[in-house]
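Asker: Next up is a structure, given as structure tokens.
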Amino acid sequence: MNFYVKFEISLRLLHNCIKKLGRFITPSHVGLRIPHRYLNEAPWPFAQQQISYISAYKTPQEKVQCIIRCIQSIMYLLKMASNQQPAADDLVPVLIYVIIKVRFQIRVFGESKIEFNLLRQIHLTYNRR
């Protein structure tokens, strides 16, 4: 089995795992460890909306800007909830939750041939060096 087949299988397995997680995960899930003080802002719908636009963008720069807008909206809401600047340890669990919930609703990475071919080209370019 070549790299690309393994890669595509891995992406499909990842997608299926996240899809299953999306069915039952909540902001208060113990595995996420989101601090209780931030749960009043859950489920962070504006952040979910921002990241859901990612598949509409074509360039890597546009996709990164989309992710940045999502993170900024989360950070703003977390700061409002606690009246202090949130740390990365506060952001990451919320970001994971937001991505799982949006990933459950739409397919962002690895599901289109164009994105798979782009990842293949990046891999080929990197391995030629």
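By convention here, the chains of the structure tokens are called A, B, ... in the order presented, each chain's residues are numbered starting at 1, and ligands are numbered starting at 1 in the order presented.
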When you look at Ile100 in chain A with a cut-off of 10 Å (counting only C-alpha atoms), what residues show up, excluding the ones that are within fewer than 3 positions of it in the same chain? I need them as a ChimeraX atom specification.
Answerer: /A:15,17-23,25,48,94-97,103-105
Asker: Using DSSP secondary structure from the backbone, list all alpha helix (DSSP H) positions within range 55-108 of chain A, as a PyMOL selection string.
Answerer: chain A and resi 60-82+88-105
Asker: Tell me, in Å to one decimal, how far CA of Arg69 in chain A is from CA of Arg37 in chain A.
Answerer: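 Computing the Euclidean distance for CA of Arg69 in chain A and CA of Arg37 in chain A yields 22.4 Å.
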Asker: Taking only C-alpha atoms into account, which of A:Tyr38, A:Tyr57, A:Phe46, A:Phe24 comes nearest Lys79 in chain A?
Answerer: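 Among A:Tyr38, A:Tyr57, A:Phe46, A:Phe24, it is A:Tyr38 that comes nearest to Lys79 in chain A.
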